[in-house]
Structure formats: structure tokens, C-alpha cells
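Structure below is coords-v1.tsv: TSV, C-alpha atoms and all ligand atoms.
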```
chain	number	residue	atom	x	y	z
A	1	MET	CA	106.88	120.20	95.99
A	2	SER	CA	104.33	117.45	95.67
A	3	LYS	CA	101.21	118.12	93.66
A	4	TRP	CA	99.22	116.65	96.56
A	5	ALA	CA	98.46	118.67	99.67
A	6	TYR	CA	99.15	117.02	103.01
A	7	ASP	CA	95.98	118.19	104.76
A	8	LYS	CA	93.66	116.30	107.05
A	9	GLY	CA	90.70	114.74	105.25
A	10	LEU	CA	89.62	113.37	101.90
A	11	GLN	CA	91.34	113.98	98.55
A	12	GLU	CA	90.56	112.50	95.14
A	13	ILE	CA	93.68	110.90	93.69
A	14	GLY	CA	92.09	109.25	90.66
A	15	PRO	CA	88.58	109.21	89.15
A	16	GLY	CA	86.64	107.72	92.07
A	17	ALA	CA	89.78	106.86	94.06
A	18	TYR	CA	90.47	108.74	97.29
A	19	ALA	CA	92.98	109.22	100.06
A	20	TYR	CA	91.99	110.02	103.63
A	21	LEU	CA	94.95	111.67	105.35
A	22	GLN	CA	95.79	112.18	109.01
A	23	PRO	CA	98.81	114.47	109.34
A	24	ASP	CA	101.37	114.33	110.81
A	25	GLY	CA	101.38	110.59	110.20
A	26	SER	CA	103.28	109.78	113.39
A	27	TRP	CA	102.34	107.07	115.91
A	28	GLY	CA	98.71	106.03	115.41
A	29	TRP	CA	97.92	108.62	112.70
A	30	ASN	CA	97.49	106.47	109.60
A	31	ASN	CA	96.00	107.10	106.18
A	32	ALA	CA	93.01	105.26	104.74
A	33	GLY	CA	91.72	104.93	101.18
A	34	LEU	CA	88.48	104.63	99.24
A	35	ILE	CA	87.85	103.14	95.80
A	36	THR	CA	84.43	103.66	94.22
A	37	ASP	CA	82.70	102.97	90.93
A	38	GLU	CA	79.00	103.29	90.15
A	39	ASP	CA	77.27	102.55	93.46
A	40	GLN	CA	79.99	100.30	94.89
A	41	SER	CA	82.78	101.14	97.31
A	42	LEU	CA	85.84	99.59	98.92
A	43	LEU	CA	87.44	101.10	102.02
A	44	ILE	CA	91.12	100.51	102.71
A	45	ASP	CA	91.73	100.40	106.48
A	46	THR	CA	89.92	102.00	109.37
A	47	LEU	CA	91.52	104.33	111.94
A	48	PHE	CA	92.48	104.05	115.61
A	49	GLY	CA	89.14	103.88	117.37
A	50	LEU	CA	85.54	104.91	117.00
A	51	LYS	CA	85.86	108.69	117.13
A	52	LEU	CA	88.40	109.01	114.31
A	53	THR	CA	86.80	106.31	112.17
A	54	GLY	CA	83.28	107.70	112.66
A	55	GLU	CA	84.45	111.14	111.58
A	56	MET	CA	86.15	109.69	108.49
A	57	LEU	CA	83.09	107.66	107.44
A	58	ALA	CA	80.88	110.75	107.75
A	59	VAL	CA	83.25	112.81	105.59
A	60	MET	CA	83.34	110.05	102.96
A	61	ALA	CA	79.54	109.61	102.94
A	62	ASP	CA	79.06	113.36	102.53
A	63	ALA	CA	81.48	113.68	99.64
A	64	VAL	CA	80.91	110.42	97.77
A	65	PRO	CA	77.40	108.89	97.40
A	66	ALA	CA	78.80	105.37	96.88
A	67	ALA	CA	80.48	105.58	100.30
A	68	LYS	CA	77.17	105.82	102.19
A	69	ASN	CA	77.23	102.04	102.33
A	70	ILE	CA	80.69	100.53	102.13
A	71	ASP	CA	80.62	97.19	100.29
A	72	PHE	CA	84.15	95.98	101.02
A	73	LEU	CA	86.68	96.77	103.73
A	74	VAL	CA	90.28	95.62	103.29
A	75	ASN	CA	92.60	95.77	106.30
A	76	THR	CA	96.16	96.09	104.98
A	77	HIS	CA	97.52	94.51	108.20
A	78	ASN	CA	96.60	93.94	111.83
A	79	ASP	CA	98.08	97.02	113.57
A	80	ALA	CA	95.56	98.83	115.78
A	81	ASP	CA	95.59	102.09	113.82
A	82	HIS	CA	94.41	100.18	110.74
A	83	ILE	CA	91.69	97.97	112.29
A	84	PHE	CA	90.28	99.59	115.45
A	85	GLY	CA	87.31	101.15	113.63
A	86	ASN	CA	86.14	98.02	111.77
A	87	GLN	CA	82.98	97.65	113.85
A	88	LEU	CA	81.61	100.94	112.44
A	89	VAL	CA	81.72	99.77	108.82
A	90	LYS	CA	78.39	98.03	109.11
A	91	GLY	CA	77.44	95.58	106.41
A	92	ALA	CA	80.82	95.61	104.71
A	93	HIS	CA	82.49	92.37	103.68
A	94	ILE	CA	85.85	92.53	105.50
A	95	LEU	CA	88.97	91.02	103.90
A	96	ALA	CA	92.55	90.58	105.09
A	97	SER	CA	95.40	88.20	104.49
A	98	LYS	CA	95.31	84.95	106.46
A	99	ALA	CA	98.56	85.89	108.20
A	100	ALA	CA	97.16	89.26	109.33
A	101	ALA	CA	93.84	87.78	110.45
A	102	ASP	CA	95.68	85.31	112.68
A	103	GLU	CA	97.16	88.28	114.61
A	104	PHE	CA	94.13	90.59	114.95
A	105	LEU	CA	93.86	89.79	118.66
A	106	ASN	CA	97.59	90.02	119.51
A	107	VAL	CA	97.38	93.52	121.02
A	108	THR	CA	93.89	94.34	122.30
A	109	PRO	CA	92.05	97.62	122.98
A	110	GLU	CA	92.38	96.73	126.67
A	111	ASP	CA	96.20	96.61	126.30
A	112	TYR	CA	96.15	100.14	124.84
A	113	ARG	CA	93.76	101.42	127.50
A	114	LYS	CA	96.21	100.17	130.15
A	115	ILE	CA	99.21	101.82	128.50
A	116	PHE	CA	97.46	105.15	127.85
A	117	GLY	CA	95.86	105.18	131.31
A	118	ASN	CA	98.66	103.81	133.53
A	119	TRP	CA	101.77	104.97	131.72
A	120	GLN	CA	103.37	106.29	134.92
A	121	GLU	CA	103.61	102.74	136.29
A	122	LEU	CA	104.82	101.01	133.14
A	123	GLY	CA	108.37	102.28	132.66
A	124	ALA	CA	110.31	103.97	129.86
A	125	GLY	CA	108.32	102.44	126.98
A	126	ALA	CA	104.98	103.71	128.26
A	127	HIS	CA	106.62	107.07	129.01
A	128	TYR	CA	107.74	107.29	125.38
A	129	ILE	CA	104.20	106.47	124.16
A	130	HIS	CA	102.70	109.08	126.49
A	131	GLU	CA	105.10	111.74	125.20
A	132	ASN	CA	104.99	110.85	121.51
A	133	CYS	CA	101.55	109.49	120.70
A	134	ALA	CA	98.58	111.86	120.83
A	135	LEU	CA	96.02	109.05	121.23
A	136	THR	CA	94.29	108.64	124.60
A	137	VAL	CA	92.23	106.17	126.62
A	138	GLU	CA	89.10	107.62	124.96
A	139	ASP	CA	90.39	106.66	121.49
A	140	ALA	CA	90.57	103.02	122.61
A	141	ALA	CA	87.17	103.14	124.36
A	142	GLY	CA	84.37	100.95	123.06
A	143	VAL	CA	86.52	99.21	120.46
A	144	ILE	CA	85.54	95.60	119.81
A	145	VAL	CA	88.09	93.97	117.54
A	146	THR	CA	86.13	92.98	114.44
A	147	LEU	CA	87.68	90.15	112.46
A	148	PRO	CA	87.77	89.69	108.68
A	149	HIS	CA	84.98	87.66	107.09
A	150	GLU	CA	87.28	86.33	104.39
A	151	THR	CA	91.00	85.71	104.21
A	152	PHE	CA	93.39	84.81	101.42
A	153	VAL	CA	96.95	83.57	101.26
A	154	LYS	CA	98.50	85.17	98.17
A	155	GLU	CA	96.10	87.11	95.99
A	156	LYS	CA	92.43	88.03	95.74
A	157	ARG	CA	90.79	89.81	92.81
A	158	LEU	CA	87.67	91.93	93.27
A	159	LYS	CA	85.37	94.09	91.15
A	160	VAL	CA	84.27	97.44	92.54
A	161	GLY	CA	81.67	98.51	90.00
A	162	ASN	CA	83.59	98.02	86.76
A	163	LYS	CA	87.02	98.56	88.33
A	164	ASN	CA	89.48	95.75	88.88
A	165	VAL	CA	91.11	95.67	92.29
A	166	VAL	CA	93.94	93.26	93.10
A	167	LEU	CA	94.81	92.45	96.71
A	168	ALA	CA	98.32	91.02	97.01
A	169	ALA	CA	99.60	89.55	100.27
A	170	VAL	CA	103.31	90.35	100.21
A	171	GLY	CA	104.18	89.87	103.89
A	172	PRO	CA	106.00	89.16	106.05
A	173	ALA	CA	107.48	92.63	105.62
A	174	HIS	CA	106.33	95.44	107.97
A	175	SER	CA	104.12	92.82	109.68
A	176	SER	CA	103.27	89.17	109.08
A	177	GLY	CA	100.40	89.75	106.71
A	178	ASP	CA	100.82	93.01	104.74
A	179	VAL	CA	98.51	93.50	101.76
A	180	LEU	CA	98.85	95.85	98.77
A	181	VAL	CA	95.60	97.13	97.24
A	182	HIS	CA	96.04	97.91	93.55
A	183	SER	CA	93.21	99.77	91.84
A	184	VAL	CA	94.17	98.86	88.30
A	185	GLU	CA	92.22	101.37	86.17
A	186	ASP	CA	92.90	104.17	88.66
A	187	ARG	CA	96.68	103.49	88.45
A	188	VAL	CA	96.81	103.77	92.23
A	189	VAL	CA	98.30	101.39	94.81
A	190	TYR	CA	97.48	101.61	98.51
A	191	THR	CA	100.45	100.20	100.42
A	192	GLY	CA	99.39	100.23	104.07
A	193	ASP	CA	102.55	100.44	106.19
A	194	LEU	CA	104.77	99.03	103.46
A	195	LEU	CA	105.51	102.69	102.85
A	196	PHE	CA	106.15	105.22	105.58
A	197	ASN	CA	106.56	108.44	103.61
A	198	LYS	CA	108.92	110.96	105.28
A	199	SER	CA	109.34	109.04	108.52
A	200	TYR	CA	111.58	106.15	109.53
A	201	PRO	CA	109.80	102.79	109.31
A	202	VAL	CA	108.45	100.69	112.15
A	203	LEU	CA	110.31	97.38	111.78
A	204	TRP	CA	110.05	95.07	114.78
A	205	GLU	CA	108.40	91.97	113.30
A	206	GLY	CA	107.98	90.77	109.74
A	207	SER	CA	111.07	90.66	107.52
A	208	ILE	CA	113.45	93.23	106.04
A	209	GLU	CA	114.10	91.00	103.00
A	210	GLY	CA	110.35	90.64	102.58
A	211	TRP	CA	109.96	94.41	102.85
A	212	ILE	CA	112.57	95.06	100.14
A	213	ALA	CA	110.81	92.49	97.92
A	214	ALA	CA	107.49	94.26	98.62
A	215	CYS	CA	109.08	97.53	97.40
A	216	ASP	CA	110.06	95.72	94.19
A	217	HIS	CA	106.48	94.50	93.82
A	218	ILE	CA	105.17	98.07	94.14
A	219	LEU	CA	107.76	99.33	91.66
A	220	SER	CA	106.67	96.66	89.15
A	221	LEU	CA	103.07	97.94	89.09
A	222	ASP	CA	101.79	100.29	86.40
A	223	VAL	CA	100.75	103.10	88.76
A	224	ASP	CA	101.05	106.88	89.06
A	225	VAL	CA	100.08	107.27	92.71
A	226	VAL	CA	101.41	105.39	95.72
A	227	MET	CA	99.30	105.89	98.81
A	228	PRO	CA	101.37	105.24	101.96
A	229	GLY	CA	100.07	104.03	105.32
A	230	HIS	CA	101.54	107.11	107.00
A	231	GLY	CA	102.68	110.45	105.58
A	232	PRO	CA	101.98	112.44	102.41
A	233	ILE	CA	100.65	110.99	99.14
A	234	ALA	CA	103.57	109.67	97.11
A	235	ASP	CA	104.68	108.16	93.85
A	236	LYS	CA	107.21	105.51	92.93
A	237	SER	CA	110.17	107.83	93.61
A	238	SER	CA	109.37	107.65	97.35
A	239	VAL	CA	109.35	103.85	97.15
A	240	THR	CA	112.74	103.86	95.43
A	241	GLU	CA	114.15	106.18	98.11
A	242	PHE	CA	112.70	103.98	100.84
A	243	ARG	CA	114.07	100.79	99.27
A	244	THR	CA	117.53	102.34	98.97
A	245	PHE	CA	117.43	103.20	102.68
A	246	MET	CA	116.33	99.69	103.68
A	247	VAL	CA	119.13	97.98	101.73
A	248	ARG	CA	121.72	100.35	103.17
A	249	PHE	CA	120.30	100.08	106.69
A	250	GLN	CA	120.59	96.30	106.56
A	251	GLU	CA	124.25	96.50	105.47
A	252	GLU	CA	125.20	99.16	108.02
A	253	THR	CA	123.57	97.17	110.83
A	254	ARG	CA	125.12	93.83	109.86
A	255	ARG	CA	128.61	95.36	109.70
A	256	ARG	CA	128.32	96.83	113.20
A	257	PHE	CA	126.84	93.62	114.64
A	258	GLU	CA	129.82	91.68	113.28
A	259	ALA	CA	132.18	94.26	114.80
A	260	GLY	CA	130.58	93.61	118.20
A	261	LEU	CA	128.79	96.93	118.71
A	262	SER	CA	125.81	97.13	121.06
A	263	ILE	CA	122.30	97.79	119.75
A	264	MET	CA	122.44	101.34	121.12
A	265	ASP	CA	125.84	102.17	119.60
A	266	THR	CA	124.83	100.75	116.23
A	267	ALA	CA	121.63	102.81	116.20
A	268	LEU	CA	123.40	106.02	117.28
A	269	GLU	CA	126.11	105.60	114.63
A	270	ILE	CA	123.60	104.89	111.86
A	271	ALA	CA	121.47	107.87	112.88
A	272	GLU	CA	124.58	110.06	112.58
A	273	LEU	CA	125.54	108.96	109.07
A	274	PRO	CA	125.78	112.26	107.20
A	275	ASP	CA	123.85	111.28	104.08
A	276	LEU	CA	120.86	109.60	105.72
A	277	PRO	CA	117.36	110.75	104.63
A	278	ASP	CA	115.96	113.66	106.62
A	279	TRP	CA	112.90	111.80	107.92
A	280	ASP	CA	110.85	112.12	111.10
A	281	LEU	CA	111.11	109.75	114.07
A	282	PRO	CA	114.79	108.68	113.80
A	283	GLU	CA	114.40	106.82	117.10
A	284	ARG	CA	112.65	104.10	115.10
A	285	ILE	CA	116.13	103.19	113.85
A	286	ILE	CA	116.90	101.51	117.17
A	287	GLY	CA	113.71	99.45	116.95
A	288	ALA	CA	114.84	98.19	113.56
A	289	VAL	CA	118.41	97.54	114.77
A	290	ASN	CA	116.99	95.58	117.71
A	291	PHE	CA	114.88	93.54	115.26
A	292	LEU	CA	117.87	92.63	113.06
A	293	TYR	CA	120.02	91.81	116.12
A	294	ARG	CA	117.25	89.48	117.28
A	295	GLN	CA	117.37	87.73	113.91
A	296	TYR	CA	121.16	87.50	114.17
A	297	GLY	CA	120.65	85.72	117.51
A	298	SER	CA	121.95	88.49	119.78
A	299	PRO	CA	120.99	87.86	123.43
A	300	GLU	CA	120.87	91.64	123.90
A	301	ALA	CA	117.80	92.00	121.68
A	302	THR	CA	114.26	92.12	123.04
A	303	ALA	CA	110.96	90.91	121.57
A	304	ASN	CA	108.85	92.72	124.19
A	305	PHE	CA	106.69	95.47	122.74
A	306	LEU	CA	106.98	97.90	125.69
A	307	GLU	CA	110.74	97.26	126.00
A	308	ILE	CA	111.15	98.22	122.33
A	309	TYR	CA	109.35	101.52	123.03
A	310	GLY	CA	111.72	101.86	125.99
A	311	LEU	CA	114.65	101.69	123.54
A	312	PHE	CA	113.20	104.71	121.69
A	313	ASP	CA	113.13	106.67	124.94
A	314	ARG	CA	116.75	105.79	125.79
A	315	PHE	CA	117.90	106.45	122.24
A	316	LEU	CA	116.48	110.00	122.31
A	317	ASP	CA	118.18	110.67	125.68
A	318	LYS	CA	121.55	109.34	124.48
A	319	ARG	CA	121.33	111.20	121.21
A	320	ALA	CA	120.58	114.46	122.97
A	321	ALA	CA	123.52	113.87	125.33
A	322	ARG	CA	125.85	113.18	122.40
A	323	ALA	CA	124.68	116.32	120.60
A	324	ALA	CA	125.26	118.37	123.77
A	325	ALA	CA	128.79	116.94	124.02
A	326	GLY	CA	129.49	118.09	120.47
A	327	HIS	CA	129.79	114.66	118.90
A	328	SER	CA	129.37	115.02	115.17
A	329	GLY	CA	129.72	111.49	113.93
A	330	CYS	CA	133.40	111.99	113.13
A	331	GLY	CA	134.34	108.53	114.38
A	332	HIS	CA	136.08	109.36	117.67
A	333	SER	CA	134.83	110.14	121.13
A	334	HIS	CA	135.32	113.46	122.90
B	1	ZN	ZN	100.22	102.18	110.74
B	2	ZN	ZN	101.62	99.09	110.92
```

Could you quickly redo this structure as C-alpha cells?
Amino acid sequence: MSKWAYDKGLQEIGPGAYAYLQPDGSWGWNNAGLITDEDQSLLIDTLFGLKLTGEMLAVMADAVPAAKNIDFLVNTHNDADHIFGNQLVKGAHILASKAAADEFLNVTPEDYRKIFGNWQELGAGAHYIHENCALTVEDAAGVIVTLPHETFVKEKRLKVGNKNVVLAAVGPAHSSGDVLVHSVEDRVVYTGDLLFNKSYPVLWEGSIEGWIAACDHILSLDVDVVMPGHGPIADKSSVTEFRTFMVRFQEETRRRFEAGLSIMDTALEIAELPDLPDWDLPERIIGAVNFLYRQYGSPEATANFLEIYGLFDRFLDKRAARAAAGHSGCGHSH
């Protein structure tokens, strides 16, 4: 049992360091963070859209005087759930890695409005999103992608009041430009989506080797609290568990690719390994298998965002059919 509750809203995780949580942490429901000292404040990530972000900023301003005016905003990477509220953080100096900033406009609010609004016409991927993501057209309404004011390539050091904050660009990993935010005196690191706590990771760009190295970077820091991009507040033990999975996942996938298995069969077999972690959203395994197959040069792999969501839909159907047929991962077909 973790000492931290996994409840919606703001929690203090160090003196003047906060987590803002959005259970259940699934598609689009990310966590944000806040570091304050004296009258200064740094916000880590916004949320998907104006409604969620506006609510969060009001909660922070009510609870923490220094959050009434946010001085710095750091976007850990360019995914919509982490940047689509930037325009509401008025007056803040916005920072991100150069690699993330270059991709802020890759998937626009208009793209999401189309998927949420016209999912019936857009195939299996949009069907999966409709069924599994609680966000709607209204969440994407009015969003104007607001770019960073300053970018950095490797590292940027800031002072928030008297606190030292180190921003480390450790991507490509989950995305091209992932950033870790280390609040040194608070002994807290905010990881963005370099840690999915209690769910399978989204890996469809970036680099699995880079992600494993990013885990090592987190483990090398002198911290007590690890604040994930999605899921409950964690510590280093969750990072170790996650790293162990990623190393194993890479080996299991490579072996099946070399044996000539399809993306679907590889994903189904890995999902049925008896000692795999009991995490949410196992369909993300096929997205990650597809990504590695693409790197291995498999012509079967896709780079199309909606087609990858379509794989999740098919994976869930196939897995349900296998379960109904009594397949238990025993290595032979029935
Ligand atoms: Zn995220
Ligand atoms: Zn992400």
C-alpha cells in the first residue's frame, strides 16, 4: 500500500512540491506537478484542453499562494495531454526541449476534434479511441497550441525561489524530446511519460534503448518521490520494475521477430506470459511490438497513428476470442 492516495486533485509531496493527479491515468488523463518556493512557482505540464487545465489552475491558486501567478511552465514532451492547456498559463515563461518543441504542431486540436467527432467514419482506430478515451470534442475546443518561449538541447538549470530545479532532456525515449524535472532540495523528480505507473507504456516513437537509459538516469538521482506522467505517485521501486519490463519486452519481441511471428502473434504471446506485471491497458503491448518491428524493418509494421490505435482494437478482439477458446498460453493451439 502506497503512502500516497490516488485521488483526483492536488497533493503535497515535498515542502512546496505538489502532484496534481487525474485518475485513472488512462488515455488523456495525465498528472501535472507544481514546485514553489517563496513567491515563485513552476508548473510541470498542462492537461488536455481548457476545461481540465482551468480547473487545475484554480485548485492550485486556491491552495498555494505562489501558484496564483505561475512563473515557469515546463512541458515534459509534446503529447496533447501535456500541452493543450498552455494558453491558460498567462505570463509564464514556457520551456521544453528543442526536440519536443519541434513537434508541438504534429497532431493538432483540429485532428482530435475530427477523431472525437467523426469516429464512426474513421475505422477501427477511431472506434478504439471512442470506446477507451473519455475525452470529447469539447475538451479539444478552443485550444490554440502555445509554443515554448525557450528550448534547450541537454540540460537547463533554474531557480524557483531558493530551490534548484534541473531540467534534463533524456529523449528520444517515450517521445523525441522527453524532459525530466528534478526538484533537488525536494528530492522529487517529475518524469512526464517516462514512467507510466501501473499501466503498460505508450511506445510508438522515440527509442526503447533511450527509454531504458532514461530509467537509469532517474535511478541515479537522489530522490524519494518519483512523479509519473500517468498513474499513482511512485518511488524508485516502480522505475526499477518498469525498467525490468522494458528490457524483457525488448528481448521477447526480438526473439519472436527472428522466428518469423506476425506482430499480432508476438503481442498475444507476450501478453500471455505468466509472470508479466499486472498492469492496465495490455493492448498497448501491440503498439510497442509494432514500433520495434518497424525498427527491425518489417514491412508489416505501420507508422500511421490511427492504424496503431486500430491494432489495439484488433488485439482486444483476438485476445477475447483466445480466452473464450480456452487458450492459456501453454504453447499449443486448441
Ligand atoms: Zn501522457
Ligand atoms: Zn506522452

Contacts of A:Trp204 at 12 Å (all atoms listed in the file; same-chain gap of 2+ positions) as a PyMOL selection string = chain A and resi 172-176+201-202+206-208+211+284-295+301-309+311

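With the cut-off set to 9 Å and all atoms listed in the file counted, the residues surrounding ligand ZN 1 (chain B) are Gly25, Ser26, Trp27, Gly28, Trp29, Asn30, Asn31, His77, Asp79, Ala80, Asp81, His82, Gly192, Asp193, Phe196, Val202, Gly229 and His230 of chain A.
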
Kindly export the residues of the current selection with C-alpha atoms, as a PDB file, keeping the file's coordinate frame.
```
ATOM      1  CA  GLY A  25     101.380 110.590 110.200  1.00  0.00           C
ATOM      2  CA  SER A  26     103.280 109.780 113.390  1.00  0.00           C
ATOM      3  CA  TRP A  27     102.340 107.070 115.910  1.00  0.00           C
ATOM      4  CA  GLY A  28      98.710 106.030 115.410  1.00  0.00           C
ATOM      5  CA  TRP A  29      97.920 108.620 112.700  1.00  0.00           C
ATOM      6  CA  ASN A  30      97.490 106.470 109.600  1.00  0.00           C
ATOM      7  CA  ASN A  31      96.000 107.100 106.180  1.00  0.00           C
ATOM      8  CA  HIS A  77      97.520  94.510 108.200  1.00  0.00           C
ATOM      9  CA  ASP A  79      98.080  97.020 113.570  1.00  0.00           C
ATOM     10  CA  ALA A  80      95.560  98.830 115.780  1.00  0.00           C
ATOM     11  CA  ASP A  81      95.590 102.090 113.820  1.00  0.00           C
ATOM     12  CA  HIS A  82      94.410 100.180 110.740  1.00  0.00           C
ATOM     13  CA  GLY A 192      99.390 100.230 104.070  1.00  0.00           C
ATOM     14  CA  ASP A 193     102.550 100.440 106.190  1.00  0.00           C
ATOM     15  CA  PHE A 196     106.150 105.220 105.580  1.00  0.00           C
ATOM     16  CA  VAL A 202     108.450 100.690 112.150  1.00  0.00           C
ATOM     17  CA  GLY A 229     100.070 104.030 105.320  1.00  0.00           C
ATOM     18  CA  HIS A 230     101.540 107.110 107.000  1.00  0.00           C
TER      19      HIS A 230
END
```

Atom CA of A:Thr76 to atom CA of A:Val179, straight-line distance in Å | 4.8 Å

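Atom pair atom CA of A:Ile233 / atom CA of A:Leu316: separated by 28.1 Å.
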
For the atom pair atom CA of A:Ile129 and atom CA of A:Arg256, what is the interatomic distance in Å to one decimal place?
-> 28.2 Å

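Here the question is which of A:Glu55, A:Asp313, A:Asp216, A:Glu300 gets nearest to A:Leu88 using all atoms listed in the file, and that residue is A:Glu55.
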
Residue neighbourhood A:Thr240, 9 Å, only C-alpha atoms, exclusion window fewer than 4 positions, as a short mmCIF file (atom, residue, chain, number, x, y, z; two decimals) with C-alpha atoms, in the frame of the given file:
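Everything below was put into selection-v2.cif:
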```cif
data_model
loop_
_atom_site.label_atom_id
_atom_site.label_comp_id
_atom_site.auth_asym_id
_atom_site.auth_seq_id
_atom_site.Cartn_x
_atom_site.Cartn_y
_atom_site.Cartn_z
CA CYS A 215 109.08 97.53 97.40
CA ASP A 216 110.06 95.72 94.19
CA LEU A 219 107.76 99.33 91.66
CA LYS A 236 107.21 105.51 92.93
CA THR A 244 117.53 102.34 98.97
CA PHE A 245 117.43 103.20 102.68
#
```

With distances taken over all atoms listed in the file, the candidate from A:Leu122, A:Val188, A:Val181, A:Val153 nearest A:Lys98 is A:Val153

Closest to ligand ZN 2 (chain B) among A:Cys133, A:Pro228, A:Gly14, A:Phe116, using only C-alpha atoms and all ligand atoms?
->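 Nearest candidate to ligand ZN 2 (chain B) out of A:Cys133, A:Pro228, A:Gly14, A:Phe116: A:Pro228.
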